[in-house]
Structure formats: structure tokens, C-alpha cells
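What's in upload22.pdb: PDB, C-alpha atoms
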```pdb
ATOM      1  CA  ILE A   2       0.000   0.000   0.000
ATOM      2  CA  VAL A   3       1.459   3.309  -1.123
ATOM      3  CA  ILE A   4       0.272   6.684   0.191
ATOM      4  CA  ASN A   5      -1.085   9.192  -2.375
ATOM      5  CA  LYS A   6      -0.756   6.905  -5.414
ATOM      6  CA  PRO A   7      -4.026   6.715  -7.376
ATOM      7  CA  ILE A   8      -5.333   3.193  -7.927
ATOM      8  CA  VAL A   9      -7.986   2.852 -10.612
ATOM      9  CA  LEU A  10     -10.919   0.705  -9.624
ATOM     10  CA  LYS A  11     -11.535  -1.563 -12.582
ATOM     11  CA  ASN A  12     -15.044  -1.819 -13.955
ATOM     12  CA  ILE A  13     -16.485   1.168 -12.083
ATOM     13  CA  TYR A  14     -18.297   2.766 -14.935
ATOM     14  CA  TYR A  15     -20.887   5.489 -14.928
ATOM     15  CA  ASP A  16     -23.547   6.019 -17.484
ATOM     16  CA  PHE A  17     -23.170   9.236 -19.453
ATOM     17  CA  ASP A  18     -24.313  12.195 -17.345
ATOM     18  CA  LYS A  19     -25.053   9.950 -14.297
ATOM     19  CA  TRP A  20     -23.431   9.313 -10.931
ATOM     20  CA  PHE A  21     -25.352   6.400  -9.418
ATOM     21  CA  ILE A  22     -23.499   3.190  -8.547
ATOM     22  CA  ARG A  23     -24.501   0.536 -11.054
ATOM     23  CA  ALA A  24     -24.715  -3.160 -10.124
ATOM     24  CA  ASP A  25     -21.546  -3.936 -12.068
ATOM     25  CA  ALA A  26     -19.678  -1.182 -10.213
ATOM     26  CA  ALA A  27     -20.902  -2.463  -6.832
ATOM     27  CA  ILE A  28     -19.063  -5.742  -7.459
ATOM     28  CA  GLU A  29     -15.767  -3.881  -7.724
ATOM     29  CA  LEU A  30     -16.542  -1.563  -4.807
ATOM     30  CA  ASN A  31     -17.195  -4.630  -2.666
ATOM     31  CA  LYS A  32     -13.562  -5.634  -3.247
ATOM     32  CA  LEU A  33     -12.536  -2.240  -1.873
ATOM     33  CA  VAL A  34     -14.844  -2.761   1.120
ATOM     34  CA  LYS A  35     -13.012  -6.020   1.866
ATOM     35  CA  LEU A  36      -9.627  -4.315   1.518
ATOM     36  CA  LEU A  37     -10.700  -1.579   3.943
ATOM     37  CA  LYS A  38     -12.142  -4.043   6.448
ATOM     38  CA  ASP A  39      -8.969  -6.136   6.273
ATOM     39  CA  ASN A  40      -6.843  -2.995   6.758
ATOM     40  CA  PRO A  41      -8.635  -0.861   9.365
ATOM     41  CA  ASP A  42      -5.640   1.470   9.738
ATOM     42  CA  ILE A  43      -5.864   3.019   6.280
ATOM     43  CA  ASP A  44      -7.821   6.062   5.168
ATOM     44  CA  ILE A  45      -8.608   6.685   1.527
ATOM     45  CA  GLU A  46      -9.757   9.349  -0.889
ATOM     46  CA  MET A  47     -12.219   8.437  -3.591
ATOM     47  CA  GLY A  48     -11.572  10.501  -6.711
ATOM     48  CA  SER A  49     -13.904  10.577  -9.690
ATOM     49  CA  HIS A  50     -13.453  11.879 -13.202
ATOM     50  CA  THR A  51     -15.540  12.717 -16.261
ATOM     51  CA  ASP A  52     -15.066  12.801 -19.970
ATOM     52  CA  VAL A  53     -14.858  16.214 -21.667
ATOM     53  CA  ARG A  54     -18.413  16.398 -22.924
ATOM     54  CA  GLY A  55     -20.252  19.134 -21.047
ATOM     55  CA  THR A  56     -18.926  22.355 -19.579
ATOM     56  CA  ASP A  57     -15.970  22.407 -17.229
ATOM     57  CA  ASP A  58     -18.192  23.588 -14.353
ATOM     58  CA  TYR A  59     -20.835  20.950 -15.018
ATOM     59  CA  ASN A  60     -18.235  18.172 -15.202
ATOM     60  CA  GLN A  61     -16.703  19.325 -11.928
ATOM     61  CA  VAL A  62     -20.058  18.969 -10.152
ATOM     62  CA  LEU A  63     -20.752  15.642 -11.886
ATOM     63  CA  SER A  64     -17.405  14.205 -10.791
ATOM     64  CA  GLU A  65     -17.996  15.361  -7.205
ATOM     65  CA  ASN A  66     -21.383  13.616  -7.241
ATOM     66  CA  ARG A  67     -19.739  10.443  -8.523
ATOM     67  CA  ALA A  68     -17.119  10.497  -5.786
ATOM     68  CA  LYS A  69     -19.800  11.159  -3.139
ATOM     69  CA  SER A  70     -21.827   8.210  -4.443
ATOM     70  CA  ALA A  71     -18.818   5.919  -4.087
ATOM     71  CA  VAL A  72     -18.156   7.138  -0.536
ATOM     72  CA  GLU A  73     -21.821   6.747   0.411
ATOM     73  CA  TYR A  74     -21.746   3.189  -0.923
ATOM     74  CA  LEU A  75     -18.698   2.360   1.212
ATOM     75  CA  ILE A  76     -20.383   3.839   4.299
ATOM     76  CA  GLU A  77     -23.511   1.762   3.616
ATOM     77  CA  GLN A  78     -21.264  -1.325   3.587
ATOM     78  CA  GLY A  79     -19.932  -0.521   7.077
ATOM     79  CA  ILE A  80     -16.806   1.544   6.409
ATOM     80  CA  GLU A  81     -16.409   4.367   8.915
ATOM     81  CA  LYS A  82     -17.091   7.791   7.432
ATOM     82  CA  ASN A  83     -14.042   9.335   9.130
ATOM     83  CA  ARG A  84     -11.753   7.064   7.044
ATOM     84  CA  LEU A  85     -13.101   8.385   3.751
ATOM     85  CA  THR A  86     -12.733  11.586   1.790
ATOM     86  CA  PHE A  87     -13.756  12.378  -1.756
ATOM     87  CA  ASN A  88     -12.733  14.661  -4.547
ATOM     88  CA  GLY A  89     -14.128  15.375  -7.979
ATOM     89  CA  TYR A  90     -11.542  16.104 -10.627
ATOM     90  CA  GLY A  91     -13.922  16.874 -13.473
ATOM     91  CA  GLU A  92     -12.164  16.555 -16.801
ATOM     92  CA  GLN A  93      -8.779  17.717 -15.469
ATOM     93  CA  VAL A  94      -7.030  14.310 -15.489
ATOM     94  CA  LEU A  95      -7.733  12.475 -18.727
ATOM     95  CA  VAL A  96      -6.217   9.053 -19.411
ATOM     96  CA  ASN A  97      -6.237   9.331 -23.198
ATOM     97  CA  LYS A  98      -6.283  11.779 -26.123
ATOM     98  CA  CYS A  99      -9.977  12.676 -25.709
ATOM     99  CA  LYS A 100      -9.650  16.329 -24.792
ATOM    100  CA  ASN A 101     -11.951  19.089 -26.029
ATOM    101  CA  ASN A 102     -12.483  19.216 -29.800
ATOM    102  CA  VAL A 103     -10.947  15.747 -30.383
ATOM    103  CA  LEU A 104     -13.154  13.123 -32.018
ATOM    104  CA  CYS A 105     -13.340  10.015 -29.807
ATOM    105  CA  SER A 106     -15.433   6.869 -29.640
ATOM    106  CA  GLU A 107     -17.844   6.180 -26.800
ATOM    107  CA  GLU A 108     -15.418   3.554 -25.478
ATOM    108  CA  GLU A 109     -12.615   6.119 -25.355
ATOM    109  CA  HIS A 110     -14.829   8.596 -23.500
ATOM    110  CA  GLN A 111     -15.777   5.795 -21.065
ATOM    111  CA  GLU A 112     -12.123   5.373 -20.081
ATOM    112  CA  ASN A 113     -12.184   8.880 -18.621
ATOM    113  CA  ARG A 114     -15.413   8.346 -16.640
ATOM    114  CA  ARG A 115     -13.712   6.542 -13.795
ATOM    115  CA  THR A 116     -13.256   6.399 -10.058
ATOM    116  CA  GLU A 117      -9.899   5.944  -8.390
ATOM    117  CA  PHE A 118      -8.885   5.641  -4.798
ATOM    118  CA  LYS A 119      -5.684   6.497  -3.050
ATOM    119  CA  VAL A 120      -4.512   5.791   0.449
ATOM    120  CA  THR A 121      -4.165   9.106   2.254
ATOM    121  CA  LYS A 122      -3.098   7.872   5.663
ATOM    122  CA  ILE A 123      -1.845   4.753   7.412
ATOM    123  CA  ARG A 124      -2.398   4.881  11.164
ATOM    124  CA  LYS A 125       0.011   2.698  13.154
TER     125      LYS A 125
END
```

Structure encoded using C-alpha cells:
Amino acid sequence: IVINKPIVLKNIYYDFDKWFIRADAAIELNKLVKLLKDNPDIDIEMGSHTDVRGTDDYNQVLSENRAKSAVEYLIEQGIEKNRLTFNGYGEQVLVNKCKNNVLCSEEEHQENRRTEFKVTKIRK
């Protein structure tokens, strides 16, 4: 476990313009729940991202809602709220060439609609 290194949660996808946790995403989040329960001394930040479609301001709010949804899911599964923080990064941190005014496929846009987590603290 490395502090402040983003770890992409595989298969946590969001529908375009949505922030709810889909059933397929819950499967992956449950793996994170297990990791957190097995390691009660770590705190994490959930960070969510968007593709570039939409305004910068809108995407910022959308990414914050996505990160909040992930945190709320973890809390519902028994993870203590004080171990969790969230941040929305909007379209600031893209993983591919799909910036504004670049033609991309839906699959390429999907790569940017992601949630990551990073360990922010290890209490010993």
C-alpha cells in the first residue's frame, strides 16, 4: 500500500451524465470494502473523473457527485465515514487523447469516466 498513489478501480463505470453506482460497479466496490475491512488502519480518498463532454463547471459537479456516491456506498457497507474523503476532478485528469475538440469513440470517452482511490493515511 502506497500513500497518495491513485489506484484505478476496474469496472467502475458510470452512465453518461449519471453518478449512481450501477450493479456492475458495486461488485468492484465490494472488493474495496473487503480491503478496507482487512486494513482498518488506512484512510482513503475516492476521486472521480468525467469525460470532456459538457462544460468544465458541469463536469466538476458531476465528478464530485460520482465520488460522493462511491463514498456513500462504502459507508452503507460498514466503512467508517471518518476514514473516507472524496474529490471530484472533473475533466482535469484524462487518461487518453480525448480532450476538447478531439473526435473520440464512446469507449474512449468511457475510459475517462472513472473512479480511483488512493490511500491518504496509514495509522500505526

What would the selection look like, as a list in words, if the PyMOL selection byres ((chain A and resi 92) around 10) were run on the coordinates I just shared? Ser49, His50, Thr51, Asp52, Val53, Arg54, Gly55, Thr56, Asp57, Asp58, Tyr59, Asn60, Gln61, Leu63, Ser64, Gly89, Tyr90, Gly91, Gln93, Val94, Leu95, Val96, Cys99, Lys100, Asn101, Asn113 and Arg114 of chain A

Could you please take those selected residues and save C-alpha atoms as a tab-separated table (two decimals), in the coordinates of the input?
```tsv
chain	number	residue	atom	x	y	z
A	49	SER	CA	-13.90	10.58	-9.69
A	50	HIS	CA	-13.45	11.88	-13.20
A	51	THR	CA	-15.54	12.72	-16.26
A	52	ASP	CA	-15.07	12.80	-19.97
A	53	VAL	CA	-14.86	16.21	-21.67
A	54	ARG	CA	-18.41	16.40	-22.92
A	55	GLY	CA	-20.25	19.13	-21.05
A	56	THR	CA	-18.93	22.36	-19.58
A	57	ASP	CA	-15.97	22.41	-17.23
A	58	ASP	CA	-18.19	23.59	-14.35
A	59	TYR	CA	-20.84	20.95	-15.02
A	60	ASN	CA	-18.24	18.17	-15.20
A	61	GLN	CA	-16.70	19.32	-11.93
A	63	LEU	CA	-20.75	15.64	-11.89
A	64	SER	CA	-17.40	14.20	-10.79
A	89	GLY	CA	-14.13	15.38	-7.98
A	90	TYR	CA	-11.54	16.10	-10.63
A	91	GLY	CA	-13.92	16.87	-13.47
A	93	GLN	CA	-8.78	17.72	-15.47
A	94	VAL	CA	-7.03	14.31	-15.49
A	95	LEU	CA	-7.73	12.48	-18.73
A	96	VAL	CA	-6.22	9.05	-19.41
A	99	CYS	CA	-9.98	12.68	-25.71
A	100	LYS	CA	-9.65	16.33	-24.79
A	101	ASN	CA	-11.95	19.09	-26.03
A	113	ASN	CA	-12.18	8.88	-18.62
A	114	ARG	CA	-15.41	8.35	-16.64
```

Expressed in Å to a single decimal, how great is the separation between CA of Ser70 in chain A and CA of Thr121 in chain A?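 According to the coordinates, CA of Ser70 in chain A and CA of Thr121 in chain A are separated by 18.9 Å.
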
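Distances to Glu107 in chain A were evaluated for A:Lys82, A:Ile4, A:Glu65, A:Asp16 using all atoms listed in the file, and the minimum falls at A:Asp16.
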
From CA of Lys122 in chain A to CA of Tyr74 in chain A the spacing works out at 20.3 Å

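Minimum atom-to-atom distances from A:Arg84, A:Lys98, A:Lys32, A:Lys19 to Asn66 in chain A were compared using only C-alpha atoms, and the lowest value belongs to A:Lys19.
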
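With CA of Asn102 in chain A on one side and CA of Lys69 in chain A on the other, the separation reads 28.8 Å.
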
Using all atoms listed in the file, can you tell me which of A:Asn40, A:Lys125, A:Gln111, A:Ile2 comes closest to Tyr15 in chain A?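 Of A:Asn40, A:Lys125, A:Gln111, A:Ile2, the one nearest Tyr15 in chain A is A:Gln111, counting all atoms listed in the file.
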
Among listed residues A:Val62, A:Thr86, A:Arg67, A:Ile13, nearest Val120 in chain A (using all atoms listed in the file):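 Checking each candidate against Val120 in chain A, we get A:Thr86 as the closest.
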
For Leu33 in chain A, the closest of A:Asn83, A:Asn88, A:Glu108, A:Glu117 counting only C-alpha atoms is A:Glu117

Selection result for the PyMOL selection byres ((chain A and resi 26) around 10) on this file, as a VMD selection string: chain A and resid 10 to 15 21 to 25 27 to 31 71 116

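Across A:Ile8, A:Leu104, A:Ala68, A:Leu85, the tightest approach to Asp42 in chain A is made by A:Leu85 when counting only C-alpha atoms.
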